[in-house]
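Visitor: Take this structure, written in structure tokens, and hold onto it; I'll ask about it next.
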Amino acid sequence: MKLHNRVKELRARFNLTQEQLARKVGVTRQTIAAIEKGDYVPSLFLALNICRIFCLPMEETFWLQEEERDDENEIDLLD
């Protein structure tokens, strides 16, 4: 599973730079950039703080999505 988010979209809507959002939630600009790219999964505390800035519930900001699987390389444990 992969965690997806709308942080970049919401940040733009609120006219915030990565640096400004980072300061508001107590992290570095690099952390915000990594979250936006999907390279970093924020802690629950950080994710909730980001949602608070955007006045949105968690499920409208972050969501889980199953990754597509390569069936040829998948081991079927039921066989």
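Naming scheme: A, B, ... for chains in displayed order of the structure tokens; residues 1 onward per chain; ligands 1 onward as shown.
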May I have all residues of chain A that DSSP, computed from the backbone, assigns to helix (DSSP H, G or I), given as a ChimeraX atom specification?
Guide: /A:7-13,18-25,29-37,44-54,58-60,71-73
Visitor: Quick one: residues within 12 Å of range 10-18 of chain A, only C-alpha atoms counted, chain neighbours fewer than 3 positions away excluded, as a PDB file with C-alpha atoms, in the first residue's frame?
Guide:
ATOM      1  CA  ASN A   5      -1.814  13.060  -0.395  1.00  0.00           C
ATOM      2  CA  ARG A   6      -3.064  16.422  -1.649  1.00  0.00           C
ATOM      3  CA  VAL A   7      -0.529  18.513   0.284  1.00  0.00           C
ATOM      4  CA  LEU A  21       3.910  25.281   5.643  1.00  0.00           C
ATOM      5  CA  ALA A  22       6.985  23.667   7.171  1.00  0.00           C
ATOM      6  CA  ARG A  23       7.291  26.459   9.750  1.00  0.00           C
ATOM      7  CA  LYS A  24       3.589  26.208  10.627  1.00  0.00           C
ATOM      8  CA  VAL A  25       3.859  22.470  11.368  1.00  0.00           C
ATOM      9  CA  GLY A  26       7.390  22.465  12.836  1.00  0.00           C
ATOM     10  CA  VAL A  27       9.397  20.603  10.190  1.00  0.00           C
ATOM     11  CA  THR A  28      11.880  21.459   7.439  1.00  0.00           C
ATOM     12  CA  ARG A  29      11.034  22.474   3.889  1.00  0.00           C
ATOM     13  CA  GLN A  30      12.694  19.247   2.748  1.00  0.00           C
ATOM     14  CA  THR A  31      10.223  17.220   4.813  1.00  0.00           C
ATOM     15  CA  ILE A  32       7.256  18.934   3.136  1.00  0.00           C
ATOM     16  CA  ALA A  33       8.844  18.343  -0.291  1.00  0.00           C
ATOM     17  CA  ALA A  34       9.345  14.645   0.518  1.00  0.00           C
ATOM     18  CA  ILE A  35       5.731  14.284   1.714  1.00  0.00           C
ATOM     19  CA  GLU A  36       4.434  15.941  -1.465  1.00  0.00           C
ATOM     20  CA  ILE A  50      -1.037  19.492   8.234  1.00  0.00           C
ATOM     21  CA  CYS A  51      -4.779  18.730   8.120  1.00  0.00           C
ATOM     22  CA  ARG A  52      -5.384  21.349  10.819  1.00  0.00           C
ATOM     23  CA  ILE A  53      -3.629  24.014   8.717  1.00  0.00           C
ATOM     24  CA  PHE A  54      -5.898  23.209   5.767  1.00  0.00           C
ATOM     25  CA  CYS A  55      -9.037  22.809   7.946  1.00  0.00           C
ATOM     26  CA  LEU A  56      -9.696  19.407   6.399  1.00  0.00           C
ATOM     27  CA  GLU A  60      -9.569  14.455   2.470  1.00  0.00           C
ATOM     28  CA  THR A  61      -5.834  15.097   2.706  1.00  0.00           C
ATOM     29  CA  PHE A  62      -4.225  11.639   2.938  1.00  0.00           C
TER      30      PHE A  62
END
Visitor: So the first atom is CA of Leu48 in chain A and the second is CA of Trp63 in chain A; what is the distance between them in Å, to one decimal place?
Guide: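 Computing the Euclidean distance for CA of Leu48 in chain A and CA of Trp63 in chain A yields 12.8 Å.
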Visitor: So, counting only C-alpha atoms, which residue among A:Glu19, A:Arg69, A:Met58, A:Leu3 is closest to Phe45 in chain A?
Guide: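 Smallest separation from Phe45 in chain A among the options: A:Met58.
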